[in-house]
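Participant: So I've got this file, input_30.cif, and it contains mmCIF, C-alpha atoms:
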```cif
data_target
loop_
_atom_site.label_atom_id
_atom_site.label_comp_id
_atom_site.auth_asym_id
_atom_site.auth_seq_id
_atom_site.Cartn_x
_atom_site.Cartn_y
_atom_site.Cartn_z
CA MET W 18 85.78 90.67 110.55
CA PRO W 19 86.85 88.53 107.55
CA ASP W 20 89.58 86.07 108.46
CA HIS W 21 89.46 83.95 105.30
CA ALA W 22 90.44 84.40 101.67
CA PRO W 23 87.51 85.51 99.51
CA VAL W 24 85.46 83.01 97.54
CA SER W 25 83.65 83.62 94.26
CA ILE W 26 80.21 82.16 93.68
CA ILE W 27 79.21 81.95 90.03
CA GLY W 28 75.45 82.12 89.60
CA ALA W 29 75.04 83.50 93.11
CA THR W 30 71.80 85.27 92.27
CA GLY W 31 70.21 81.80 92.15
CA ALA W 32 68.73 80.21 95.26
CA LEU W 33 71.62 77.86 96.13
CA GLY W 34 74.36 80.36 95.36
CA PHE W 35 72.68 83.16 97.27
CA GLY W 36 72.01 80.98 100.32
CA LEU W 37 75.62 79.83 100.27
CA ALA W 38 76.80 83.44 99.98
CA LEU W 39 74.77 84.42 103.06
CA ARG W 40 76.06 81.51 105.14
CA LEU W 41 79.69 81.99 104.10
CA GLY W 42 79.44 85.74 104.67
CA ARG W 43 78.10 85.15 108.15
CA ALA W 44 81.00 82.75 108.78
CA GLY W 45 83.57 85.45 108.01
CA VAL W 46 84.32 84.45 104.42
CA PRO W 47 84.28 87.42 101.99
CA VAL W 48 82.10 86.52 99.01
CA VAL W 49 82.23 87.78 95.44
CA ILE W 50 78.74 87.33 94.04
CA GLY W 51 78.82 86.52 90.35
CA SER W 52 75.96 86.88 87.90
CA ARG W 53 75.61 87.07 84.13
CA ASP W 54 74.60 90.68 84.67
CA ALA W 55 76.88 92.95 86.73
CA GLY W 56 73.92 95.06 87.85
CA ARG W 57 72.08 92.04 89.20
CA ALA W 58 75.27 90.91 90.95
CA ASP W 59 75.61 94.29 92.68
CA GLU W 60 71.98 94.21 93.68
CA ALA W 61 72.38 90.71 95.17
CA ALA W 62 75.49 91.83 97.05
CA ARG W 63 73.44 94.67 98.55
CA ARG W 64 70.68 92.26 99.57
CA ALA W 65 73.25 89.93 101.12
CA ALA W 66 74.81 92.78 103.09
CA GLU W 67 71.37 93.73 104.41
CA ALA W 68 70.69 90.16 105.55
CA VAL W 69 74.20 89.69 106.98
CA PRO W 70 75.49 93.13 108.03
CA GLU W 71 78.73 91.65 109.40
CA GLY W 72 79.50 90.00 106.02
CA THR W 73 81.74 91.23 103.21
CA PHE W 74 80.04 91.01 99.82
CA SER W 75 80.77 92.42 96.41
CA GLY W 76 79.16 91.85 93.04
CA ALA W 77 80.70 91.25 89.62
CA GLU W 78 79.85 89.80 86.23
CA ASN W 79 80.58 86.02 86.35
CA ALA W 80 83.92 86.05 84.51
CA GLU W 81 85.18 88.99 86.55
CA ALA W 82 84.04 87.27 89.73
CA ALA W 83 85.77 84.03 88.72
CA ALA W 84 89.07 85.82 88.15
CA GLN W 85 89.13 87.34 91.63
CA CYS W 86 89.48 84.29 93.92
CA ASP W 87 91.43 81.06 94.28
CA VAL W 88 88.25 79.17 95.09
CA VAL W 89 85.36 79.49 92.66
CA VAL W 90 82.00 77.84 93.37
CA LEU W 91 79.74 77.08 90.42
CA THR W 92 76.04 77.06 91.35
CA VAL W 93 74.31 77.54 88.01
CA PRO W 94 71.53 75.21 86.81
CA PHE W 95 72.74 72.32 84.64
CA ARG W 96 71.01 73.95 81.67
CA ASN W 97 73.57 76.79 81.89
CA GLN W 98 76.64 74.91 83.09
CA SER W 99 78.29 74.34 79.74
CA GLU W 100 77.66 77.88 78.47
CA THR W 101 78.89 79.36 81.75
CA LEU W 102 82.11 77.35 81.69
CA THR W 103 82.71 78.38 78.08
CA ASN W 104 82.34 82.01 79.14
CA LEU W 105 84.75 81.48 82.04
CA LYS W 106 87.52 80.00 79.88
CA GLY W 107 89.43 83.26 79.72
CA ALA W 108 88.89 84.02 83.39
CA LEU W 109 89.80 80.77 85.13
CA ARG W 110 93.52 80.12 85.52
CA GLU W 111 95.90 77.39 86.61
CA GLY W 112 95.95 76.80 90.34
CA GLN W 113 92.32 77.69 90.98
CA LEU W 114 89.92 75.28 92.62
CA LEU W 115 86.51 75.03 90.96
CA VAL W 116 83.79 73.68 93.25
CA ASP W 117 81.02 72.34 91.07
CA ALA W 118 77.56 72.03 92.63
CA THR W 119 75.71 71.32 89.39
CA VAL W 120 73.10 68.57 89.26
CA PRO W 121 71.92 67.27 85.86
CA LEU W 122 68.23 67.14 86.79
CA ALA W 123 65.97 66.06 83.96
CA ALA W 124 64.16 69.34 84.67
CA ALA W 125 66.88 70.90 82.47
CA VAL W 126 65.14 69.33 79.47
CA SER W 127 61.60 69.76 80.82
CA GLY W 128 61.72 66.37 82.58
CA ARG W 129 61.06 65.58 86.21
CA ALA W 130 63.13 66.92 89.10
CA THR W 131 63.20 63.38 90.51
CA ARG W 132 65.13 62.18 87.45
CA LEU W 133 68.61 62.78 86.10
CA ILE W 134 69.73 63.00 82.53
CA GLY W 135 72.87 61.15 81.54
CA VAL W 136 76.00 63.24 81.15
CA TRP W 137 78.46 61.75 78.70
CA GLN W 138 81.42 62.32 81.02
CA GLY W 139 79.61 60.57 83.88
CA SER W 140 78.56 63.57 85.92
CA ALA W 141 78.17 67.33 85.71
CA ALA W 142 81.36 67.67 87.76
CA GLN W 143 83.32 65.58 85.28
CA GLN W 144 81.93 67.72 82.48
CA ALA W 145 83.20 70.75 84.40
CA ALA W 146 86.62 69.11 84.77
CA GLU W 147 86.76 68.49 81.03
CA MET W 148 85.74 72.06 80.20
CA ALA W 149 87.88 73.88 82.75
CA PRO W 150 91.22 75.26 81.55
CA ALA W 151 94.30 73.10 82.22
CA GLY W 152 95.49 73.32 85.80
CA VAL W 153 92.09 74.20 87.25
CA ARG W 154 91.19 71.40 89.66
CA VAL W 155 87.56 70.44 90.14
CA VAL W 156 85.85 69.25 93.30
CA SER W 157 82.16 68.32 93.45
CA ALA W 158 80.08 69.28 96.49
CA LEU W 159 76.93 70.88 97.89
CA HIS W 160 74.29 68.74 96.17
CA THR W 161 72.23 67.84 99.20
CA VAL W 162 71.84 71.05 101.19
CA SER W 163 68.47 72.68 100.57
CA ALA W 164 68.82 76.12 98.99
CA SER W 165 65.89 77.39 100.98
CA LEU W 166 67.28 76.18 104.31
CA LEU W 167 70.64 77.80 103.48
CA SER W 168 68.88 81.10 102.77
CA ASP W 169 66.78 80.89 105.92
CA LEU W 170 69.34 82.19 108.39
CA GLY W 171 66.98 81.44 111.27
CA HIS W 172 67.20 77.72 110.46
CA THR W 173 69.80 75.70 112.35
CA LEU W 174 71.57 73.44 109.86
CA ASP W 175 72.58 69.93 110.93
CA GLU W 176 73.69 67.84 107.97
CA ASP W 177 76.57 66.64 105.84
CA VAL W 178 78.05 67.74 102.54
CA LEU W 179 79.64 65.04 100.38
CA VAL W 180 82.87 66.13 98.74
CA CYS W 181 84.25 64.28 95.70
CA GLY W 182 87.57 65.03 94.04
CA ASP W 183 90.69 63.33 92.83
CA SER W 184 93.02 64.96 95.35
CA ARG W 185 92.58 64.60 99.10
CA GLU W 186 94.15 68.03 99.57
CA ASP W 187 91.65 69.69 97.24
CA ARG W 188 88.76 67.92 98.94
CA GLN W 189 90.04 69.08 102.31
CA VAL W 190 89.97 72.72 101.15
CA VAL W 191 86.28 72.28 100.39
CA VAL W 192 85.62 70.34 103.61
CA ASP W 193 87.21 73.20 105.57
CA LEU W 194 85.22 75.81 103.66
CA VAL W 195 81.94 73.96 104.20
CA GLU W 196 82.70 73.48 107.89
CA ARG W 197 83.03 77.25 108.35
CA ILE W 198 79.25 77.13 108.17
CA ASP W 199 77.66 76.15 111.49
CA GLY W 200 75.91 72.80 111.32
CA LEU W 201 77.53 71.51 108.13
CA ARG W 202 80.08 68.71 108.09
CA GLY W 203 82.14 67.87 105.02
CA VAL W 204 82.69 64.19 104.19
CA HIS W 205 85.40 62.83 101.89
CA ALA W 206 83.29 60.75 99.53
CA GLY W 207 85.88 59.67 97.00
CA THR W 208 87.28 60.60 93.62
CA LEU W 209 85.56 62.89 91.13
CA GLU W 210 83.94 59.93 89.37
CA MET W 211 81.85 59.41 92.53
CA ALA W 212 80.20 62.76 91.80
CA ARG W 213 77.64 60.98 89.62
CA ILE W 214 76.32 59.33 92.78
CA ALA W 215 76.54 62.46 94.93
CA GLU W 216 74.69 64.39 92.22
CA SER W 217 71.97 61.75 92.14
CA LEU W 218 71.17 62.43 95.78
CA THR W 219 69.44 65.66 94.76
CA PRO W 220 66.60 63.96 92.84
CA LEU W 221 66.39 61.33 95.61
CA LEU W 222 65.94 64.04 98.24
CA ILE W 223 63.42 65.82 96.02
CA SER W 224 61.47 62.56 95.88
CA ILE W 225 61.64 62.26 99.67
CA ASN W 226 60.60 65.92 100.03
CA VAL W 227 57.47 65.29 97.98
CA ARG W 228 56.45 62.38 100.21
CA HIS W 229 57.43 63.89 103.55
CA LYS W 230 56.69 67.61 102.90
CA THR W 231 60.11 68.70 104.08
CA HIS W 232 63.53 69.93 102.98
CA ALA W 233 65.50 66.73 103.48
CA GLY W 234 69.26 66.50 103.69
CA ILE W 235 71.63 63.68 104.45
CA LYS W 236 74.00 62.58 107.18
CA ILE W 237 76.53 59.81 107.02
CA THR W 238 76.48 57.60 110.10
CA GLY W 239 79.48 55.82 111.58
CA LEU W 240 82.05 58.60 111.08
CA MET P 3 57.51 35.02 121.45
CA PRO P 4 56.87 35.63 117.73
CA ASP P 5 54.11 38.19 117.19
CA HIS P 6 54.64 38.75 113.48
CA ALA P 7 54.06 36.75 110.30
CA PRO P 8 57.18 34.89 109.18
CA VAL P 9 59.49 36.38 106.57
CA SER P 10 61.65 34.46 104.09
CA ILE P 11 65.15 35.62 103.32
CA ILE P 12 66.55 34.28 100.06
CA GLY P 13 70.33 34.04 100.16
CA ALA P 14 70.33 34.30 103.94
CA THR P 15 73.60 32.42 104.29
CA GLY P 16 75.28 35.54 102.88
CA ALA P 17 76.44 38.35 105.15
CA LEU P 18 73.53 40.78 104.60
CA GLY P 19 70.84 38.11 104.67
CA PHE P 20 72.22 36.44 107.79
CA GLY P 21 72.61 39.73 109.65
CA LEU P 22 69.05 40.66 108.73
CA ALA P 23 67.82 37.25 109.89
CA LEU P 24 69.48 37.73 113.28
CA ARG P 25 68.04 41.21 113.77
CA LEU P 26 64.53 40.25 112.65
CA GLY P 27 64.64 37.11 114.79
CA ARG P 28 65.58 39.17 117.80
CA ALA P 29 62.70 41.53 117.01
CA GLY P 30 60.16 38.70 117.20
CA VAL P 31 59.83 38.04 113.47
CA PRO P 32 60.06 34.32 112.58
CA VAL P 33 62.58 33.92 109.76
CA VAL P 34 62.82 31.25 107.08
CA ILE P 35 66.45 31.15 106.00
CA GLY P 36 66.80 30.29 102.33
CA SER P 37 69.90 28.99 100.60
CA ARG P 38 70.64 27.23 97.33
CA ASP P 39 71.51 24.22 99.49
CA ALA P 40 68.96 22.99 102.06
CA GLY P 41 71.73 21.66 104.30
CA ARG P 42 73.49 25.01 104.42
CA ALA P 43 70.15 26.68 105.14
CA ASP P 44 69.53 24.36 108.11
CA GLU P 45 73.04 24.96 109.37
CA ALA P 46 72.56 28.75 109.15
CA ALA P 47 69.23 28.46 110.99
CA ARG P 48 71.04 26.58 113.78
CA ARG P 49 73.73 29.27 113.96
CA ALA P 50 71.06 31.98 114.06
CA ALA P 51 69.22 30.20 116.90
CA GLU P 52 72.47 29.99 118.86
CA ALA P 53 73.11 33.72 118.42
CA VAL P 54 69.47 34.66 119.12
CA PRO P 55 67.98 31.97 121.38
CA GLU P 56 64.65 33.80 121.63
CA GLY P 57 64.30 33.84 117.82
CA THR P 58 62.36 31.47 115.58
CA PHE P 59 64.43 30.27 112.62
CA SER P 60 64.05 27.51 110.09
CA GLY P 61 66.04 26.61 107.00
CA ALA P 62 64.90 25.66 103.51
CA GLU P 63 66.12 25.56 99.93
CA ASN P 64 65.49 29.00 98.33
CA ALA P 65 62.37 28.09 96.33
CA GLU P 66 60.83 26.27 99.29
CA ALA P 67 61.65 29.21 101.53
CA ALA P 68 60.12 31.67 99.05
CA ALA P 69 56.86 29.71 98.94
CA GLN P 70 56.40 29.83 102.73
CA CYS P 71 55.87 33.55 103.43
CA ASP P 72 53.96 36.58 102.16
CA VAL P 73 57.08 38.72 102.42
CA VAL P 74 60.21 37.46 100.69
CA VAL P 75 63.51 39.34 100.99
CA LEU P 76 66.09 38.84 98.27
CA THR P 77 69.67 39.36 99.50
CA VAL P 78 71.75 37.53 96.90
CA PRO P 79 74.70 39.19 95.13
CA PHE P 80 73.81 40.84 91.81
CA ARG P 81 75.81 38.14 90.03
CA ASN P 82 73.17 35.61 91.17
CA GLN P 83 70.04 37.75 91.11
CA SER P 84 68.78 36.78 87.68
CA GLU P 85 69.46 33.05 88.12
CA THR P 86 67.84 33.08 91.56
CA LEU P 87 64.70 34.80 90.28
CA THR P 88 64.47 32.31 87.43
CA ASN P 89 64.64 29.50 89.97
CA LEU P 90 61.93 31.15 92.07
CA LYS P 91 59.46 31.51 89.21
CA GLY P 92 57.49 28.43 90.24
CA ALA P 93 57.62 29.32 93.94
CA LEU P 94 56.59 32.98 94.00
CA ARG P 95 52.88 33.63 93.68
CA GLU P 96 50.46 36.51 93.22
CA GLY P 97 50.01 38.63 96.32
CA GLN P 98 53.53 38.20 97.66
CA LEU P 99 55.79 41.14 98.36
CA LEU P 100 59.36 40.75 97.14
CA VAL P 101 61.84 43.01 98.91
CA ASP P 102 64.88 43.37 96.69
CA ALA P 103 68.15 44.40 98.33
CA THR P 104 70.37 43.69 95.33
CA VAL P 105 73.03 46.19 94.31
CA PRO P 106 74.61 45.94 90.84
CA LEU P 107 78.17 46.54 92.02
CA ALA P 108 80.76 46.36 89.26
CA ALA P 109 82.40 43.75 91.50
CA ALA P 110 79.91 41.34 89.91
CA VAL P 111 82.00 41.51 86.73
CA SER P 112 85.35 41.80 88.51
CA GLY P 113 85.14 45.60 88.61
CA ARG P 114 85.40 47.89 91.60
CA ALA P 115 83.00 47.86 94.54
CA THR P 116 82.86 51.66 94.28
CA ARG P 117 81.31 51.39 90.81
CA LEU P 118 77.99 50.18 89.49
CA ILE P 119 77.25 48.42 86.26
CA GLY P 120 74.28 49.61 84.24
CA VAL P 121 71.18 47.47 84.44
CA TRP P 122 69.03 47.71 81.33
CA GLN P 123 65.82 48.10 83.35
CA GLY P 124 67.36 50.95 85.34
CA SER P 125 68.10 49.14 88.58
CA ALA P 126 68.42 45.68 90.04
CA ALA P 127 65.02 46.16 91.68
CA GLN P 128 63.39 46.95 88.34
CA GLN P 129 65.01 43.84 86.89
CA ALA P 130 63.48 41.90 89.78
CA ALA P 131 60.08 43.46 89.04
CA GLU P 132 60.37 42.41 85.41
CA MET P 133 61.38 38.86 86.30
CA ALA P 134 58.93 38.23 89.13
CA PRO P 135 55.71 36.41 88.28
CA ALA P 136 52.64 38.56 87.62
CA GLY P 137 51.05 39.87 90.78
CA VAL P 138 54.24 39.77 92.86
CA ARG P 139 54.94 43.37 93.93
CA VAL P 140 58.53 44.51 94.32
CA VAL P 141 59.91 46.98 96.84
CA SER P 142 63.58 47.98 96.97
CA ALA P 143 65.28 48.46 100.34
CA LEU P 144 68.22 47.70 102.63
CA HIS P 145 71.10 48.95 100.47
CA THR P 146 72.83 51.11 103.01
CA VAL P 147 72.93 49.08 106.21
CA SER P 148 76.29 47.44 106.72
CA ALA P 149 76.05 43.65 106.73
CA SER P 150 78.71 43.41 109.40
CA LEU P 151 76.98 45.90 111.70
CA LEU P 152 73.71 43.99 111.27
CA SER P 153 75.45 40.76 112.26
CA ASP P 154 77.19 42.36 115.22
CA LEU P 155 74.34 42.17 117.71
CA GLY P 156 76.37 44.15 120.23
CA HIS P 157 76.35 47.15 117.87
CA THR P 158 73.60 49.71 118.42
CA LEU P 159 72.17 50.64 115.04
CA ASP P 160 71.14 54.24 114.38
CA GLU P 161 70.42 54.84 110.72
CA ASP P 162 67.83 54.95 107.98
CA VAL P 163 66.68 52.50 105.32
CA LEU P 164 65.41 53.98 102.06
CA VAL P 165 62.35 52.20 100.70
CA CYS P 166 61.36 52.55 97.03
CA GLY P 167 58.22 51.07 95.50
CA ASP P 168 55.30 52.01 93.34
CA SER P 169 52.66 51.57 96.05
CA ARG P 170 52.70 53.49 99.30
CA GLU P 171 51.00 50.56 101.03
CA ASP P 172 53.69 48.12 99.93
CA ARG P 173 56.44 50.51 101.01
CA GLN P 174 54.75 50.88 104.39
CA VAL P 175 54.86 47.10 104.92
CA VAL P 176 58.63 47.27 104.46
CA VAL P 177 58.98 50.41 106.58
CA ASP P 178 57.10 48.62 109.38
CA LEU P 179 59.24 45.50 109.02
CA VAL P 180 62.48 47.47 109.05
CA GLU P 181 61.33 49.46 112.07
CA ARG P 182 60.86 46.26 114.05
CA ILE P 183 64.65 46.38 114.25
CA ASP P 184 65.87 48.73 116.99
CA GLY P 185 67.73 51.73 115.59
CA LEU P 186 66.50 51.49 112.01
CA ARG P 187 64.04 53.93 110.50
CA GLY P 188 62.35 53.33 107.17
CA VAL P 189 61.98 56.29 104.79
CA HIS P 190 59.58 56.46 101.85
CA ALA P 191 61.99 57.38 99.06
CA GLY P 192 59.71 57.22 96.05
CA THR P 193 58.67 54.90 93.25
CA LEU P 194 60.57 51.81 92.20
CA GLU P 195 62.47 53.77 89.53
CA MET P 196 64.22 55.65 92.37
CA ALA P 197 65.84 52.34 93.33
CA ARG P 198 68.66 53.10 90.89
CA ILE P 199 69.67 55.96 93.16
CA ALA P 200 69.15 54.06 96.41
CA GLU P 201 71.23 51.19 95.01
CA SER P 202 74.02 53.60 94.10
CA LEU P 203 74.40 54.57 97.75
CA THR P 204 76.15 51.26 98.41
CA PRO P 205 79.22 52.05 96.26
CA LEU P 206 79.20 55.61 97.64
CA LEU P 207 79.27 54.29 101.21
CA ILE P 208 82.00 51.79 100.26
CA SER P 209 84.03 54.73 98.95
CA ILE P 210 83.45 56.62 102.20
CA ASN P 211 84.36 53.50 104.21
CA VAL P 212 87.72 53.26 102.44
CA ARG P 213 88.55 56.87 103.31
CA HIS P 214 87.17 56.91 106.83
CA LYS P 215 87.86 53.31 107.93
CA THR P 216 84.32 52.73 109.09
CA HIS P 217 81.01 51.07 108.25
CA ALA P 218 79.09 54.12 107.11
CA GLY P 219 75.32 54.32 106.79
CA ILE P 220 72.95 57.14 106.02
CA LYS P 221 70.33 59.23 107.72
CA ILE P 222 67.90 61.60 106.12
CA THR P 223 67.66 64.92 107.95
CA GLY P 224 64.58 67.10 108.16
CA LEU P 225 62.01 64.31 108.65
#
```
As a first step, turn the structure in this file into C-alpha cells.
Facilitator:
Amino acid sequence: MPDHAPVSIIGATGALGFGLALRLGRAGVPVVIGSRDAGRADEAARRAAEAVPEGTFSGAENAEAAAQCDVVVLTVPFRNQSETLTNLKGALREGQLLVDATVPLAAAVSGRATRLIGVWQGSAAQQAAEMAPAGVRVVSALHTVSASLLSDLGHTLDEDVLVCGDSREDRQVVVDLVERIDGLRGVHAGTLEMARIAESLTPLLISINVRHKTHAGIKITGL
Amino acid sequence: MPDHAPVSIIGATGALGFGLALRLGRAGVPVVIGSRDAGRADEAARRAAEAVPEGTFSGAENAEAAAQCDVVVLTVPFRNQSETLTNLKGALREGQLLVDATVPLAAAVSGRATRLIGVWQGSAAQQAAEMAPAGVRVVSALHTVSASLLSDLGHTLDEDVLVCGDSREDRQVVVDLVERIDGLRGVHAGTLEMARIAESLTPLLISINVRHKTHAGIKITGL
C-alpha cells in the first residue's frame, strides 16, 4: 500500500533508474517511470510491476513524468544530461526537488569508465542546477550504488548514499527517500559543490570492481 | 619484537605521520621518524617510545631518514611536498618505494579544507612520481584515516585504506604494511592516476565531519 508521495525517475528505462524504481516501489513509494519514448516507459512500468507486484508504477514520456511529482530523480547518462534538462525546461517548476545522479564518466566521449571529464560548472549536478528552471532545487546523490545490485531484488543492500546539496532540508528529503530502501543509509556530505567529489567515486569504484571482480559500494565509518 | 623491515616516515612529527608511527610501532614495524629538524625527530621518537614501549623508534633529519629504509612514507602537508621532495633527491635511491599520503587541500593556499587545488600532474602522488629520482616507485595511500584516531591508541580502528599505484606488486607491499595495523584493510584502488580521486576523499570526509561531528573514514562494500 503506497504511503509516500510519488517520485518521478527520468531515464528510468536505464539500469540505475530501473533498479531504483524497483527498490522504491517495493518500499511503498509510487514511481512514475520516465523515458524519452512513452511506449518504452509503459513497457518498463509493466516489467517493474511484474517484478514488484506490491508496487505502484506508471510510465510517461520524460517531460510528462517530470511534471507529475515534487521529487524528480535524473538518472540519464552524462551524454544525455544536458539535452534531457533542456527538454524538461517547460515541465519542471518552482518548488520541485531535482535529484541528480549523473556522473561525467569519460565514457561519454569514448574514454575510460575509470576517468571523468571536466564539467565547466564543477560537476554534473552543478550543471543541472544551472540548467534547471529558477526555483527548482538540486541535490546530488546515488553515485555509488551499483545499478545491477539495485535491480537484483534478491541482493541484500548494505551501503551508504552520499547526499550533496546547499540546503540541509533538501538533503534530508533525499536522505529520507533513500532510507526507505532497506540497507541504504543517506549521509549528509556537504554543499552541492561537493558533488564533484561524490561523482568521482563512481570511476573509483569501477576501478576497484575491475581489480576485485565485484560490485563495490561505500560506507562512511564513524557516524 | 620487531619482525618487519624498518619504515621511514617523512614529516612524522605531524599528526598523520606521528599517528602512523605509533600504530606501526605497536604492530612490530621499526619506524624511523623523519623531521626537518633532527632534534625534533629525536624528541618525537622519544614520545613515540613512551606511548608504545614495545615499539622500535629512532629519529633522523628527513633526508637521513629517507636513506635508511626501502619503504619511505611521505606525510608532509601539500604546502611542503615539493620542497621536501627536492630535499630528498640526494637521499632517495632506485628500488625504494615512496608511499605518498599528500592531499592538495586548498588550505595550502589559505582556502577551505573542503576544497582541493588542482595539481598540474593530476594529483599530489603524480607530482611525487614526477619529482622522485628515477627508479623510485610511488604508491598513493592513507588519505582517509583520521590522524587523530590513528594517534588515539585507545580507539579501535575499523576502516579501509585505498591504495593506488601502477604496479600490483608495489600496491601489495603497501596493502600488507597497512594491514599490519589492527582494524585497517588495504584496498587495491587502481593505477596511480586514480590517486586524484583517493586524495579528494579527504576534503569529502572533512565536509562530512563538519556535519556529523565525527572523524569519518571509509569502507568499501562488496569485497
Participant: Any idea what the distance is between atom CA of P:Cys166 and atom CA of P:Thr88?
Facilitator: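 According to the coordinates, atom CA of P:Cys166 and atom CA of P:Thr88 are separated by 22.6 Å.
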Participant: Using the chain letters and numbering of this document, enumerate as a ChimeraX atom specification the residues selected by the PyMOL selection byres ((chain P) within 7 of (chain W)).
Facilitator: /P:161,190-192,196,199,202,206,209-210,213-214,216-225
Participant: Produce a file of the selected residues containing C-alpha atoms, as a CSV table (one decimal), in the frame of the given file.
Facilitator:
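To be explicit, this is the file written out as result-v6.csv:
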```csv
chain,number,residue,atom,x,y,z
P,161,GLU,CA,70.4,54.8,110.7
P,190,HIS,CA,59.6,56.5,101.8
P,191,ALA,CA,62.0,57.4,99.1
P,192,GLY,CA,59.7,57.2,96.0
P,196,MET,CA,64.2,55.6,92.4
P,199,ILE,CA,69.7,56.0,93.2
P,202,SER,CA,74.0,53.6,94.1
P,206,LEU,CA,79.2,55.6,97.6
P,209,SER,CA,84.0,54.7,99.0
P,210,ILE,CA,83.4,56.6,102.2
P,213,ARG,CA,88.6,56.9,103.3
P,214,HIS,CA,87.2,56.9,106.8
P,216,THR,CA,84.3,52.7,109.1
P,217,HIS,CA,81.0,51.1,108.2
P,218,ALA,CA,79.1,54.1,107.1
P,219,GLY,CA,75.3,54.3,106.8
P,220,ILE,CA,73.0,57.1,106.0
P,221,LYS,CA,70.3,59.2,107.7
P,222,ILE,CA,67.9,61.6,106.1
P,223,THR,CA,67.7,64.9,108.0
P,224,GLY,CA,64.6,67.1,108.2
P,225,LEU,CA,62.0,64.3,108.6
```
Participant: Can you give me, as a list of chain:residue names, the residues this file yields under the PyMOL selection byres ((chain W and resi 28) around 7)?
Facilitator: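 Taken over the shown coordinates, the PyMOL selection byres ((chain W and resi 28) around 7) returns W:Ile26, W:Ile27, W:Ala29, W:Thr30, W:Gly31, W:Gly34, W:Gly51, W:Ser52, W:Leu91, W:Thr92, W:Val93.
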Participant: Quick one: of W:Leu159, W:Ala22, W:Leu109, W:Ala130, who's nearest to W:Pro47, counting all atoms listed in the file?
Facilitator: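 Smallest distance to W:Pro47 is found for W:Ala22.
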Participant: Every residue with an atom at most 9 Å from (67.7, 30.8, 113.2) (file coordinates; only C-alpha atoms) is what I'm after, so could you write them as a list of chain:residue names?
Facilitator: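 The requested residues, written out, are P:Ala23, P:Leu24, P:Gly27, P:Pro32, P:Val33, P:Val34, P:Ile35, P:Asp44, P:Glu45, P:Ala46, P:Ala47, P:Arg48, P:Arg49, P:Ala50, P:Ala51, P:Glu52, P:Ala53, P:Val54, P:Pro55, P:Gly57, P:Thr58, P:Phe59, P:Ser60, P:Gly61.
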Participant: Could you work out how far atom CA of W:Ala125 lies from atom CA of W:Ala151, giving the answer in Å with one decimal?
Facilitator: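 Separating atom CA of W:Ala151 from atom CA of W:Ala125 is a distance of 27.5 Å.
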Participant: Out of P:Pro8, P:Arg139, P:Phe80, P:Trp122, which residue has the shortest atom-to-atom distance to P:Arg95 when counting only C-alpha atoms?
Facilitator: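 Ranked by minimum distance to P:Arg95, first place goes to P:Arg139.
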Participant: What is the atom CA of W:Ala44 to atom CA of W:Val192 distance in Å?
Facilitator: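 A separation of 14.2 Å between them.
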Participant: Would you kindly identify which residues have an atom no farther than 9 Å from (66.6, 49.3, 114.6), using all atoms listed in the file and the file's own coordinates, and write them out as a JSON list (two decimals) with C-alpha atoms, in the coordinates of the input?
Facilitator:
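Generated output (part_23.json):
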```
[["chain", "number", "residue", "atom", "x", "y", "z"],
["P", 25, "ARG", "CA", 68.04, 41.21, 113.77],
["P", 158, "THR", "CA", 73.60, 49.71, 118.42],
["P", 159, "LEU", "CA", 72.17, 50.64, 115.04],
["P", 160, "ASP", "CA", 71.14, 54.24, 114.38],
["P", 161, "GLU", "CA", 70.42, 54.84, 110.72],
["P", 162, "ASP", "CA", 67.83, 54.95, 107.98],
["P", 180, "VAL", "CA", 62.48, 47.47, 109.05],
["P", 181, "GLU", "CA", 61.33, 49.46, 112.07],
["P", 182, "ARG", "CA", 60.86, 46.26, 114.05],
["P", 183, "ILE", "CA", 64.65, 46.38, 114.25],
["P", 184, "ASP", "CA", 65.87, 48.73, 116.99],
["P", 185, "GLY", "CA", 67.73, 51.73, 115.59],
["P", 186, "LEU", "CA", 66.50, 51.49, 112.01],
["P", 187, "ARG", "CA", 64.04, 53.93, 110.50]]
```
Participant: Taking all atoms listed in the file into account, name the residue in W:Asp169, W:Leu115, W:Leu194, W:His160 that is nearest to W:Gly182.
Facilitator: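 Answer, going by the shortest atom-to-atom distance: W:Leu115.
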Participant: Using only C-alpha atoms, which residue out of W:Val126, W:Leu33, W:Val116, W:Leu167 lies closest to W:Ala146?
Facilitator: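 The closest residue to W:Ala146 is W:Val116.
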